Structure formats: C-alpha cells, structure tokens
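File shown: data.csv. Contents: CSV, C-alpha atoms.
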chain,number,residue,atom,x,y,z
A,694,MET,CA,0.0,0.0,0.0
A,695,THR,CA,1.4,3.3,-1.1
A,696,HIS,CA,1.7,6.2,1.4
A,697,TYR,CA,1.4,9.6,-0.2
A,698,VAL,CA,2.2,12.7,1.8
A,699,ILE,CA,1.2,16.2,0.7
A,700,ILE,CA,2.7,19.3,2.4
A,701,GLY,CA,0.2,22.1,1.9
A,702,ASP,CA,-3.6,22.3,1.7
A,703,GLY,CA,-4.1,25.1,-0.8
A,704,ILE,CA,-5.9,24.4,-4.0
A,705,SER,CA,-2.9,22.4,-5.5
A,706,GLY,CA,-2.5,20.2,-2.5
A,707,SER,CA,-6.2,19.6,-2.0
A,708,SER,CA,-6.7,18.9,-5.7
A,709,ALA,CA,-3.8,16.4,-5.6
A,710,ALA,CA,-5.3,14.6,-2.5
A,711,GLU,CA,-8.7,14.3,-4.2
A,712,THR,CA,-7.1,13.0,-7.4
A,713,LEU,CA,-4.9,10.5,-5.6
A,714,ARG,CA,-7.9,9.1,-3.8
A,715,GLU,CA,-9.6,8.6,-7.2
A,716,GLU,CA,-6.5,7.1,-8.8
A,717,ASP,CA,-5.4,4.9,-5.9
A,718,PRO,CA,-8.4,3.9,-3.7
A,719,GLU,CA,-6.4,1.7,-1.4
A,720,ALA,CA,-3.6,4.2,-0.7
A,721,THR,CA,-2.9,6.1,2.5
A,722,ILE,CA,-3.0,9.8,2.1
A,723,THR,CA,-1.7,12.4,4.6
A,724,VAL,CA,-2.1,16.2,4.1
A,725,ILE,CA,-0.1,18.5,6.3
A,726,THR,CA,-0.8,22.2,6.6
A,727,ASP,CA,0.4,24.9,9.0
A,728,GLU,CA,-2.9,26.8,8.7
A,729,GLY,CA,-5.6,26.3,11.2
A,730,GLU,CA,-8.5,25.6,8.8
A,731,PRO,CA,-8.9,23.4,5.7
A,732,LEU,CA,-9.1,24.6,2.1
A,733,TYR,CA,-10.8,27.9,1.4
A,734,ASN,CA,-11.2,30.0,-1.7
A,735,ARG,CA,-8.2,32.3,-1.9
A,736,ILE,CA,-9.8,34.3,-4.7
A,737,LEU,CA,-12.9,35.2,-2.6
A,738,ILE,CA,-11.0,36.4,0.6
A,739,LYS,CA,-10.5,39.8,-1.1
A,740,GLU,CA,-14.3,40.1,-1.3
A,741,HIS,CA,-14.5,39.4,2.4
A,742,ALA,CA,-11.9,42.0,3.1
A,743,LYS,CA,-13.9,44.5,1.0
A,744,GLY,CA,-16.9,43.8,3.3
A,745,LYS,CA,-18.8,42.3,0.4
A,746,LEU,CA,-19.0,38.7,1.5
A,747,PRO,CA,-19.5,36.8,4.7
A,748,GLU,CA,-17.1,34.0,5.8
A,749,ALA,CA,-19.3,31.0,5.0
A,750,PRO,CA,-19.1,30.9,1.1
A,751,ILE,CA,-15.3,31.2,1.3
A,752,SER,CA,-14.7,27.8,2.9
A,753,ILE,CA,-14.5,25.0,0.4
A,754,HIS,CA,-13.8,22.0,2.5
A,755,ASP,CA,-14.5,21.2,6.1
A,756,GLU,CA,-12.7,18.5,8.0
A,757,GLU,CA,-15.5,16.1,7.3
A,758,TRP,CA,-14.6,16.2,3.6
A,759,TYR,CA,-11.3,14.7,4.3
A,760,ASP,CA,-12.8,12.1,6.7
A,761,GLU,CA,-15.2,11.0,4.0
A,762,ARG,CA,-12.3,10.3,1.6
A,763,ASP,CA,-10.2,8.7,4.2
A,764,ILE,CA,-7.6,11.4,4.0
A,765,ASP,CA,-5.6,12.2,7.1
A,766,LEU,CA,-5.5,16.0,7.6
A,767,SER,CA,-3.0,17.5,10.0
A,768,LEU,CA,-3.9,21.2,10.7
A,769,ASN,CA,-1.5,23.6,12.5
A,770,THR,CA,1.4,21.4,11.7
A,771,HIS,CA,4.8,22.8,10.8
A,772,VAL,CA,7.2,20.8,8.7
A,773,THR,CA,10.7,21.3,10.0
A,774,SER,CA,12.7,19.2,7.5
A,775,VAL,CA,12.5,16.5,4.9
A,776,ASP,CA,14.9,13.6,4.6
A,777,THR,CA,14.6,12.4,1.0
A,778,ASP,CA,17.1,9.6,1.5
A,779,GLU,CA,15.1,8.0,4.3
A,780,ARG,CA,11.8,9.4,2.9
A,781,ILE,CA,10.7,11.0,6.2
A,782,VAL,CA,8.9,14.3,6.8
A,783,HIS,CA,9.8,15.8,10.2
A,784,THR,CA,7.2,18.0,11.9
A,785,HIS,CA,7.4,20.2,15.0
A,786,ASP,CA,4.9,18.2,17.1
A,787,SER,CA,3.8,15.1,15.2
A,788,GLY,CA,7.2,13.5,15.0
A,789,GLU,CA,8.2,11.7,11.8
A,790,ILE,CA,5.9,10.9,8.9
A,791,GLU,CA,7.2,8.3,6.4
A,792,TYR,CA,6.2,8.6,2.7
A,793,ASP,CA,6.6,6.6,-0.5
A,794,LYS,CA,5.8,9.6,-2.6
A,795,LEU,CA,5.8,13.2,-1.6
A,796,LEU,CA,4.2,16.4,-3.0
A,797,VAL,CA,5.4,19.8,-1.9
A,798,ALA,CA,2.6,22.4,-2.3
A,799,THR,CA,3.5,24.9,0.3
A,800,GLY,CA,3.1,28.1,-1.7
A,801,GLY,CA,4.6,31.3,-0.3
A,802,THR,CA,4.5,33.9,2.4
A,803,PRO,CA,4.1,37.6,1.5
A,804,THR,CA,7.5,39.4,1.4
A,805,GLN,CA,8.0,42.0,4.0
A,806,LEU,CA,9.4,45.4,3.0
A,807,PRO,CA,13.0,45.7,4.3
A,808,VAL,CA,12.4,49.1,5.8
A,809,GLU,CA,12.0,50.5,9.3
A,810,ASN,CA,8.7,49.7,11.1
A,811,SER,CA,7.5,47.4,8.3
A,812,ASP,CA,6.1,45.1,10.9
A,813,ALA,CA,4.1,47.9,12.7
A,814,ASP,CA,0.6,47.5,13.8
A,815,GLY,CA,-1.7,48.5,10.9
A,816,VAL,CA,0.7,47.3,8.2
A,817,HIS,CA,-1.0,44.4,6.4
A,818,HIS,CA,-0.1,41.6,4.0
A,819,PHE,CA,-2.8,39.8,2.1
A,820,TRP,CA,-2.5,36.0,1.6
A,821,THR,CA,-4.5,33.9,4.1
A,822,PHE,CA,-8.1,33.9,5.2
A,823,GLN,CA,-6.9,35.1,8.6
A,824,ASP,CA,-5.2,38.0,6.9
A,825,ALA,CA,-8.5,39.0,5.2
A,826,ARG,CA,-10.3,38.9,8.5
A,827,GLY,CA,-7.8,41.3,10.1
A,828,ILE,CA,-7.8,43.6,7.0
A,829,ARG,CA,-11.6,43.8,7.0
A,830,GLU,CA,-11.8,44.6,10.7
A,831,HIS,CA,-9.1,47.3,10.6
A,832,ALA,CA,-10.2,48.8,7.2
A,833,GLU,CA,-13.7,49.4,8.6
A,834,ALA,CA,-12.2,51.6,11.3
A,835,SER,CA,-9.6,53.4,9.1
A,836,ASP,CA,-9.7,56.7,7.2
A,837,ARG,CA,-6.3,57.1,5.4
A,838,GLY,CA,-4.4,54.4,3.6
A,839,VAL,CA,-1.1,53.7,1.8
A,840,ILE,CA,-0.6,50.8,-0.6
A,841,VAL,CA,2.7,49.4,-1.8
A,842,GLY,CA,3.3,46.9,-4.6
A,843,ALA,CA,2.2,47.8,-8.2
A,844,GLY,CA,1.0,44.3,-9.2
A,845,LEU,CA,-1.9,41.9,-9.2
A,846,LEU,CA,-2.0,41.5,-5.5
A,847,GLY,CA,-1.4,45.2,-4.7
A,848,ILE,CA,-4.5,46.3,-6.6
A,849,ASP,CA,-6.6,44.1,-4.3
A,850,PHE,CA,-5.6,46.5,-1.5
A,851,ALA,CA,-6.8,49.4,-3.7
A,852,ALA,CA,-10.1,47.7,-4.0
A,853,VAL,CA,-10.4,47.1,-0.3
A,854,CYS,CA,-9.7,50.8,0.4
A,855,GLY,CA,-12.2,51.9,-2.2
A,856,ALA,CA,-14.9,49.6,-0.8
A,857,GLN,CA,-14.2,50.5,2.8
A,858,GLY,CA,-14.2,54.3,2.1
A,859,ILE,CA,-10.5,54.7,2.8
A,860,GLU,CA,-8.8,57.5,0.9
A,861,ALA,CA,-5.5,56.0,-0.1
A,862,ASP,CA,-2.2,56.8,-1.9
A,863,TYR,CA,-0.9,53.9,-4.0
A,864,LEU,CA,2.9,54.3,-4.0
A,865,MET,CA,4.5,52.7,-7.1
A,866,ARG,CA,8.2,52.5,-7.9
A,867,GLY,CA,7.8,52.9,-11.7
A,868,ASP,CA,5.8,55.2,-13.9
A,869,ARG,CA,2.6,53.0,-14.0
A,870,TRP,CA,0.8,50.0,-12.5
A,871,TRP,CA,2.1,46.5,-13.5
A,872,ARG,CA,4.6,48.1,-15.9
A,873,TYR,CA,6.0,44.8,-17.0
A,874,ALA,CA,2.7,43.8,-18.8
A,875,LEU,CA,1.0,47.1,-19.6
A,876,SER,CA,1.9,50.1,-21.7
A,877,ASN,CA,1.1,53.6,-20.4
A,878,GLU,CA,-2.2,53.6,-22.4
A,879,GLY,CA,-3.5,50.4,-20.8
A,880,ALA,CA,-2.2,51.3,-17.3
A,881,GLU,CA,-4.0,54.7,-17.4
A,882,ILE,CA,-7.3,52.9,-17.6
A,883,MET,CA,-6.5,51.1,-14.4
A,884,HIS,CA,-5.2,54.4,-12.8
A,885,GLU,CA,-8.6,56.0,-13.6
A,886,GLY,CA,-10.4,53.1,-12.0
A,887,MET,CA,-8.4,53.6,-8.9
A,888,ARG,CA,-9.0,57.3,-8.7
A,889,GLU,CA,-12.7,56.8,-9.1
A,890,VAL,CA,-12.8,54.8,-5.8
A,891,GLY,CA,-10.6,57.3,-4.0
A,892,VAL,CA,-7.2,55.7,-4.5
A,893,GLU,CA,-4.5,58.0,-5.9
A,894,PRO,CA,-1.6,56.4,-7.9
A,895,VAL,CA,1.8,58.0,-7.0
A,896,PHE,CA,4.5,57.2,-9.4
A,897,ASP,CA,8.3,56.9,-9.0
A,898,SER,CA,7.7,56.4,-5.3
A,899,GLY,CA,7.7,53.6,-2.8
A,900,VAL,CA,8.4,53.3,0.9
A,901,ASP,CA,11.7,54.3,2.6
A,902,ARG,CA,10.2,53.8,6.1
A,903,PHE,CA,7.0,53.8,8.1
A,904,GLU,CA,6.4,56.1,11.0
A,905,VAL,CA,4.5,54.9,14.1
A,906,ASP,CA,2.9,56.4,17.2
A,907,ASP,CA,3.8,55.7,20.8
A,908,ASP,CA,1.6,52.5,20.7
A,909,GLY,CA,3.5,51.2,17.7
A,910,HIS,CA,0.6,51.8,15.2
A,911,VAL,CA,1.5,53.1,11.7
A,912,THR,CA,0.8,56.8,11.2
A,913,ALA,CA,2.6,57.5,7.9
A,914,ALA,CA,4.8,56.2,5.1
A,915,VAL,CA,7.8,58.2,3.9
A,916,ASP,CA,8.9,57.6,0.3
A,917,PRO,CA,12.5,57.7,-1.0
A,918,ASN,CA,11.9,61.2,-2.2
A,919,GLY,CA,11.2,62.3,1.3
A,920,ASP,CA,7.5,62.8,0.7
A,921,ARG,CA,5.3,61.8,3.7
A,922,TYR,CA,1.9,60.2,3.3
A,923,ASP,CA,-0.4,60.0,6.4
A,924,CYS,CA,-2.0,56.7,7.0
A,925,ASP,CA,-3.6,54.6,9.7
A,926,PHE,CA,-3.9,51.6,7.4
A,927,ALA,CA,-1.1,50.2,5.1
A,928,GLY,CA,-1.2,47.3,2.6
A,929,VAL,CA,2.0,45.8,1.3
A,930,ALA,CA,2.0,43.4,-1.6
A,931,ILE,CA,5.5,43.2,-3.1
A,932,GLY,CA,5.6,39.5,-3.9
A,933,LEU,CA,6.0,36.1,-2.3
A,934,THR,CA,8.8,34.4,-0.5
A,935,PHE,CA,8.5,30.8,-1.2
A,936,ASN,CA,8.1,28.4,1.7
A,937,THR,CA,11.1,26.2,1.1
A,938,GLU,CA,13.2,26.6,4.3
A,939,PHE,CA,12.3,23.1,5.5
A,940,LEU,CA,13.8,21.7,2.3
A,941,ARG,CA,17.3,22.7,3.1
A,942,GLY,CA,19.5,19.6,2.6
A,943,ALA,CA,16.8,17.7,0.8
A,944,GLY,CA,18.6,18.0,-2.5
A,945,LEU,CA,15.8,19.6,-4.5
A,946,GLU,CA,16.8,21.9,-7.4
A,947,GLN,CA,15.6,25.4,-6.7
A,948,ASP,CA,15.6,28.6,-8.9
A,949,ASN,CA,13.3,31.1,-7.2
A,950,GLY,CA,11.0,28.2,-6.6
A,951,ILE,CA,11.2,24.4,-6.9
A,952,VAL,CA,12.2,23.3,-10.4
A,953,VAL,CA,9.9,20.7,-11.9
A,954,ASP,CA,9.5,19.2,-15.3
A,955,GLU,CA,6.3,19.0,-17.3
A,956,TYR,CA,5.1,16.1,-15.1
A,957,MET,CA,5.5,18.1,-11.9
A,958,GLN,CA,8.4,15.8,-10.9
A,959,THR,CA,11.5,17.4,-9.1
A,960,ASN,CA,15.0,16.2,-9.7
A,961,VAL,CA,14.6,13.9,-6.6
A,962,ASP,CA,12.9,10.5,-7.2
A,963,ASP,CA,9.3,10.3,-6.0
A,964,VAL,CA,9.2,14.0,-4.9
A,965,TYR,CA,6.8,16.3,-6.8
A,966,ALA,CA,5.8,19.9,-6.4
A,967,ALA,CA,2.7,21.9,-7.5
A,968,GLY,CA,1.3,25.4,-7.2
A,969,ASP,CA,2.8,28.8,-6.8
A,970,ILE,CA,6.0,27.4,-5.5
A,971,THR,CA,6.9,25.7,-8.8
A,972,ARG,CA,9.2,26.8,-11.5
A,973,PHE,CA,7.7,24.4,-14.1
A,974,TYR,CA,8.5,23.5,-17.6
A,975,ASP,CA,5.8,25.1,-19.8
A,976,VAL,CA,5.3,23.0,-22.9
A,977,LEU,CA,3.6,25.9,-24.7
A,978,LEU,CA,6.4,28.3,-23.9
A,979,GLY,CA,9.2,25.8,-24.4
A,980,ASP,CA,10.9,27.1,-21.2
A,981,GLN,CA,10.7,27.2,-17.5
A,982,ALA,CA,8.0,29.5,-16.1
A,983,GLN,CA,6.0,30.5,-13.0
A,984,ASN,CA,2.4,31.2,-12.5
A,985,GLY,CA,0.3,32.1,-9.4
A,986,SER,CA,-3.2,31.6,-10.7
A,987,TRP,CA,-5.8,29.5,-9.0
A,988,GLY,CA,-6.7,27.4,-12.1
A,989,SER,CA,-3.1,26.7,-12.8
A,990,ALA,CA,-2.4,25.6,-9.2
A,991,LYS,CA,-5.4,23.3,-9.2
A,992,GLU,CA,-4.4,21.7,-12.5
A,993,GLN,CA,-0.8,21.3,-11.4
A,994,GLY,CA,-2.0,19.4,-8.3
A,995,ARG,CA,-4.2,17.1,-10.4
A,996,VAL,CA,-1.4,16.4,-12.9
A,997,ALA,CA,1.1,15.8,-10.1
A,998,ALA,CA,-1.3,13.3,-8.5
A,999,VAL,CA,-2.0,11.4,-11.7
A,1000,ASN,CA,1.8,11.0,-12.3
A,1001,MET,CA,2.4,10.1,-8.6
A,1002,ALA,CA,-0.1,7.3,-8.9
A,1003,ALA,CA,0.9,6.0,-12.3
A,1004,ASP,CA,3.3,3.2,-12.9
A,1005,ASP,CA,4.2,4.1,-16.5
A,1006,GLU,CA,2.1,6.7,-18.1
A,1007,ASP,CA,3.0,10.3,-17.6
A,1008,GLU,CA,0.6,13.2,-18.1
A,1009,GLU,CA,2.0,16.6,-19.1
A,1010,PHE,CA,0.9,19.8,-17.5
A,1011,GLU,CA,-0.4,22.0,-20.3
A,1012,TRP,CA,-2.4,25.0,-19.3
A,1013,VAL,CA,-3.2,28.6,-20.3
A,1014,SER,CA,-3.7,30.4,-17.1
A,1015,SER,CA,-5.8,33.5,-16.6
A,1016,TYR,CA,-6.2,36.0,-13.8
A,1017,SER,CA,-9.2,38.4,-13.6
A,1018,ILE,CA,-10.0,41.5,-11.6
A,1019,THR,CA,-13.6,42.7,-11.1
A,1020,HIS,CA,-12.9,45.6,-8.7
A,1021,PHE,CA,-13.9,48.4,-11.0
A,1022,ASP,CA,-16.7,49.2,-13.4
A,1023,PHE,CA,-14.9,47.4,-16.1
A,1024,PRO,CA,-13.4,43.9,-16.1
A,1025,PHE,CA,-9.7,43.1,-16.4
A,1026,LEU,CA,-8.1,39.8,-17.4
A,1027,SER,CA,-4.5,38.7,-18.1
A,1028,PHE,CA,-3.7,35.3,-19.6
A,1029,GLY,CA,-0.6,33.2,-20.2
A,1030,HIS,CA,2.7,35.0,-19.7
A,1031,PRO,CA,2.1,38.6,-20.8
A,1032,THR,CA,5.4,39.8,-19.3
A,1033,LEU,CA,7.5,37.4,-21.4
A,1034,GLY,CA,6.9,38.5,-24.9
A,1035,ASP,CA,9.6,39.8,-27.3
A,1036,GLU,CA,7.0,41.8,-29.3
A,1037,HIS,CA,3.6,43.2,-28.6
A,1038,ALA,CA,0.5,44.4,-30.4
A,1039,GLU,CA,-2.1,46.6,-28.7
A,1040,ARG,CA,-5.1,48.8,-29.3
A,1041,LYS,CA,-7.4,51.1,-27.3
A,1042,TYR,CA,-11.1,50.9,-28.2
A,1043,SER,CA,-12.6,53.3,-25.6
A,1044,ASP,CA,-11.9,54.9,-22.3
A,1045,THR,CA,-12.3,51.5,-20.6
A,1046,GLU,CA,-11.5,49.1,-23.4
A,1047,TRP,CA,-7.9,48.0,-24.4
A,1048,ARG,CA,-6.2,44.9,-25.6
A,1049,ARG,CA,-2.5,43.9,-25.6
A,1050,ILE,CA,-1.1,40.6,-27.0
A,1051,ALA,CA,2.4,39.4,-26.3
A,1052,PHE,CA,4.3,37.3,-28.8
A,1053,LYS,CA,7.4,35.2,-28.6
A,1054,ASP,CA,9.0,33.7,-31.7
A,1055,GLY,CA,5.8,34.8,-33.5
A,1056,LYS,CA,3.5,32.8,-31.2
A,1057,ILE,CA,1.1,34.2,-28.6
A,1058,VAL,CA,2.5,33.7,-25.1
A,1059,GLY,CA,0.0,35.9,-23.2
A,1060,GLY,CA,-2.0,39.1,-23.1
A,1061,VAL,CA,-4.1,41.6,-21.2
A,1062,LEU,CA,-7.7,42.4,-21.9
A,1063,ILE,CA,-9.5,45.4,-20.3
A,1064,GLY,CA,-13.2,46.1,-20.7
A,1065,ASP,CA,-14.0,43.5,-23.3
A,1066,LEU,CA,-12.9,40.0,-22.3
A,1067,SER,CA,-14.7,38.2,-25.2
A,1068,PRO,CA,-11.6,37.5,-27.3
A,1069,GLN,CA,-9.9,35.5,-24.5
A,1070,SER,CA,-11.1,32.0,-25.6
A,1071,LYS,CA,-9.9,32.6,-29.2
A,1072,LEU,CA,-6.5,34.0,-28.1
A,1073,LYS,CA,-6.0,31.2,-25.7
A,1074,GLN,CA,-6.8,28.7,-28.4
A,1075,LEU,CA,-4.2,30.2,-30.7
A,1076,MET,CA,-1.7,30.0,-27.8
A,1077,ARG,CA,-2.5,26.3,-27.2
A,1078,GLU,CA,-2.2,25.6,-31.0
A,1079,GLN,CA,1.2,27.5,-31.0
A,1080,ARG,CA,0.4,29.1,-34.3
A,1081,GLU,CA,2.7,31.8,-35.6
A,1082,VAL,CA,0.4,34.7,-35.9
A,1083,ALA,CA,2.4,37.8,-34.9
A,1084,ASP,CA,2.5,38.9,-38.5
A,1085,GLN,CA,-1.3,39.0,-38.5
A,1086,ALA,CA,-1.7,41.0,-35.3
A,1087,GLU,CA,-4.2,43.4,-37.1
A,1088,VAL,CA,-6.8,40.5,-37.3
A,1089,LEU,CA,-6.3,39.8,-33.6
A,1090,LEU,CA,-6.8,43.4,-32.7
A,1091,GLU,CA,-10.2,43.7,-34.5
A,1092,GLN,CA,-13.0,44.4,-32.0
A,1093,ARG,CA,-14.5,41.0,-32.9
A,1094,VAL,CA,-11.8,38.5,-33.5
A,1095,ASP,CA,-12.6,36.1,-36.4
A,1096,LEU,CA,-10.1,33.3,-36.6
A,1097,ASP,CA,-11.3,32.4,-40.1
A,1098,GLU,CA,-9.7,35.7,-41.3
A,1099,LEU,CA,-6.3,34.4,-40.3
A,1100,ALA,CA,-4.1,32.8,-43.0
A,1101,PRO,CA,-4.2,29.0,-42.7
A,1102,ALA,CA,-1.6,27.6,-40.3
A,1103,GLN,CA,1.5,26.6,-42.2
A,1104,GLU,CA,2.3,22.9,-42.4
A,1105,GLN,CA,5.1,22.3,-39.9
Can the structure from this file be put into structure tokens for me?
Amino acid sequence: MTHYVIIGDGISGSSAAETLREEDPEATITVITDEGEPLYNRILIKEHAKGKLPEAPISIHDEEWYDERDIDLSLNTHVTSVDTDERIVHTHDSGEIEYDKLLVATGGTPTQLPVENSDADGVHHFWTFQDARGIREHAEASDRGVIVGAGLLGIDFAAVCGAQGIEADYLMRGDRWWRYALSNEGAEIMHEGMREVGVEPVFDSGVDRFEVDDDGHVTAAVDPNGDRYDCDFAGVAIGLTFNTEFLRGAGLEQDNGIVVDEYMQTNVDDVYAAGDITRFYDVLLGDQAQNGSWGSAKEQGRVAAVNMAADDEDEEFEWVSSYSITHFDFPFLSFGHPTLGDEHAERKYSDTEWRRIAFKDGKIVGGVLIGDLSPQSKLKQLMREQREVADQAEVLLEQRVDLDELAPAQEQ
C-alpha cells in the first residue's frame, strides 16, 4: 500500500489529494498544513476584506470532507525538514511521517518590506483567510491608507480601500501600475479606475520607512523622495517568499521556486511539487515559467497526483492560465505570460477598453484584456495551438476576433 504525503492544503495540495484518492483507492494519504483551517477560496477572501462577502461561502472543504475520503488532515502542523534519502517528513509536534511519494505544495509567504517599522501594527499583508479577517476589521475603522506593490496583489488593497471608504495613496516604484505587462495607455485605464474609488496612484515612489505612534501603530509612510503620506492603514504586496526553508539539505533543485519538469516531478525521485512554489516546464512556452493563478495551481495538483499514482504513463501539464479582476466598473483579465513577450500588439477601443497581445517567436504567449474579455477564448486557443500569428496582429486586434480571417496555419 502506497503512502502519499502532501505538504500544503491550498488548491494544488487539495486537488492532488482528491485525485490521488480517485487514482489509488487503497492508498494512505496524509495532508499536512500549517494553517488552522482546511481549504478555502483564496480568490474570494478579497471580497470578504472589502466587506462584500461573509465568511461561509469562502470555505470550500470542512474536516468532514477529508474524513469521507479517508484522507488524514493535520492542521496547525509545521514541517521542519524532509529527509529524501530515508523518505521521512519531520514535523514540529507530530514527529516523523514516512512517505513513499511526496508532494510539496506549500506556496509562499508575503514578502515584508525591508524598511523601518514594516512590521508595525496596521501594516497588512494579504494572503490567508486570517489576513483577510484582520484587514476587514481594521479597514472598517480606518480613514487614510497607503498601498505598496504595483502588481496583481497590490491592486486588491486598492479595491479594499475603495470599498471601505478609505482615501489612499498607491505608491509605485515605476511610472505605471504593472509596468511589465501594460503600456502607459492600458495602465492609465487602471489608474482612472483607482482614482474613481478614492485611491490616488503616486509614481516613481515607494516606501523608505514607516512612522509609528507611541503605541506602535502606523501613522505615515515616507517615500525615497522624502514625501510623507499620512495613513492609519497600510497594505503591502511586493511578492511572495516561497516556503522552502524546510527543504534545506533535501537535494531539490531550486531557482526562485522548486524546479519541476512538465510532469511536476522534481530532480529527486518520487518527490513532486505543485502550485505557486513551482518553476515548471511550460510545454507551450518551451521554457521554465512560473504562475500564481488558482486554475493553474489546481491543474498542477491534479497532474502531479496522476503521475504520482501512475506506474508508467505520464501526463504533461499544459495550461493557459488567466487572472481576472472585477474591482472596478470594467473587467480586467490577463492570460498566459504577458510579461515574457519579445514583441507586442495593442489597441485602445474606448476609455475603458484596451487589448494587448504578447508574442514570442511569432506565437502568442500571453496578453491583457481590459473592458471586453470576449476575445480571450480565441486568443488562448491560438496560444494552445502554438500558431505563428504575430504577423497577423491586425486581425487579432479587431474588435470582434474572427479566426477564419487568419491565414491557414503553415504545415510544420
């Protein structure tokens, strides 16, 4: 009887556990998590922080779900080390857990700003359900805010401030929000969306230090230019630090994440990884890549589990991810790897409609859609087909994309 151990109960770890039970009904399955509650919807916690959603719909699994599937769930359990030679997981209080096959799905922890008072009361990071509870409670009592981190997680703080009536300054290091994927024209649509909810983008800024009162509560952020921004609420989202400390000495190849192949297998026999923490081989890109989307993490967990349970057949991870934002009056969606293109095509259709497509070696590798998301399925299809279409960008920028207007794919 095979014993599978999964470290992490996010969507990738939970998806793997469910798949393993289907693939190997007789196996023993153990899921270990350092959180105090089972799987919840990490996408919806931002709606809770905004005050728009109660707690109940956010929970996905209760402990009974694991019991019904004969999956051993260990909550509040910290893994201290992994011995891949002896195939043992060491935990802080449950002793040793032996495994035949191991999945690492521990994700990351929000990176703390390396500045004075970055751990002050009132400075928030946004990752867990518990974080969302604290943000909601504090935001409801706050008047002035500061946001740091000009990316997909930082804009969630802008939405929280807007929904909770907090006037906020959004301090960005560059000249626009998410400058690696958006041109000035596309970013300005997002900036206007922020301004309309009371959040002011501040460019070429950042945080040099936080100021606090006698009780240790944040009162202001001072940027590198010396400008001071009053706040009683601060949100920091400058990226994730991957939870890999416990793997020191385990022999796993790492490169800003755990390196896996297209089967989610690490360089160590019978050790797999899935979710945010992976630097995976993207068969569509033909290169190693990273992705933090919910759908991608869920599929990685499923593919890892299928391959863990298989004796001979391997299933590749092939996925076009997408990440959507519904904070403003217009929708926003990114797909694939919009920051990795070597050429781009874009067009603005109205004050709230814009499209940008990223190409690499003539093939679509990602894109951003603002206002009108209807072309996404066709653009994703072309990405999956790996057709060289960069020279026909005009067709892809038409308001209504008609793939029949593209020249036939050349015989390879």
Closest-contact table, segment 983-1086 of chain A side, partner segment 843-866 of chain A, 9 Å, counting all atoms listed in the file, as CSV:
residue,atom,partner,partner_atom,distance
A:Tyr1016,CA,A:Leu845,CA,8.6
A:Ile1018,CA,A:Leu845,CA,8.5
A:His1020,CA,A:Ala852,CA,5.9
A:Phe1021,CA,A:Ala852,CA,8.0
Please report as CSV every residue of segment 818-871 of chain A lying within 7 Å of segment 900-924 of chain A, along with the nearest atom pair and their distance in Å (one decimal), using all atoms listed in the file.
residue,atom,partner,partner_atom,distance
A:Arg837,CA,A:Cys924,CA,4.6
A:Gly838,CA,A:Cys924,CA,4.8
A:Val839,CA,A:Cys924,CA,6.1
#### Entry: Distance query Phe896 of chain A at most 6 Å, all atoms listed in the file, self and fewer than 2 positions along chain excluded, as a VMD selection string
chain A and resid 865 867 to 868 898
### Task
May I ask for the distance between atom CA of Asp778 of chain A and atom CA of Glu711 of chain A, given in Å to one decimal place?
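Between atom CA of Asp778 of chain A and atom CA of Glu711 of chain A the gap is 26.8 Å.
Across A:Ser774, A:Thr712, A:Ser811, A:Ser707, the tightest approach to Val929 of chain A is made by A:Ser811 when counting only C-alpha atoms.
Comparing the minimum interatomic distances between Thr799 of chain A and each of A:Leu1066, A:Ala874, A:Leu768, A:Ile700, counting all atoms listed in the file, we find that A:Ile700 sits nearest.
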### Best match for closeness to Glu789 of chain A among A:Val999, A:Ile722, A:Val964, A:Val698, counting all atoms listed in the file
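Checking each candidate against Glu789 of chain A, we get A:Val698 as the closest.
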### Message
Ranking A:Leu875, A:Ala720, A:Ala990, A:Ala967 by minimum distance to Thr1032 of chain A and counting all atoms listed in the file, which one comes first?
### Response
A:Leu875
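Taking atom CA of Ile738 of chain A and atom CA of Val1013 of chain A as the two end points, the separation is 23.6 Å.
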### Task
Please work out which residues fall within 9 Å of (7.6, 17.6, 1.8), coordinates as given in the file, with only C-alpha atoms counting, and return them as an MDAnalysis selection string.
chainID A and resid 698:701 725 772 774:777 781:783 795:799 939:940 964:966
### Query
Rounded to one decimal in Å, what is the spacing between atom CA of Pro1031 of chain A and atom CA of Ala1051 of chain A?
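It comes out at 5.6 Å.
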Segment 802-912 of chain A residues near segment 1037-1044 of chain A within 8 Å, closest pair each, using all atoms listed in the file, as JSON lines:
{"residue": "A:Glu878", "atom": "CA", "partner": "A:Lys1041", "partner_atom": "CA", "distance": 7.6}
{"residue": "A:Gly879", "atom": "CA", "partner": "A:Lys1041", "partner_atom": "CA", "distance": 7.6}
{"residue": "A:Ile882", "atom": "CA", "partner": "A:Asp1044", "partner_atom": "CA", "distance": 6.9}
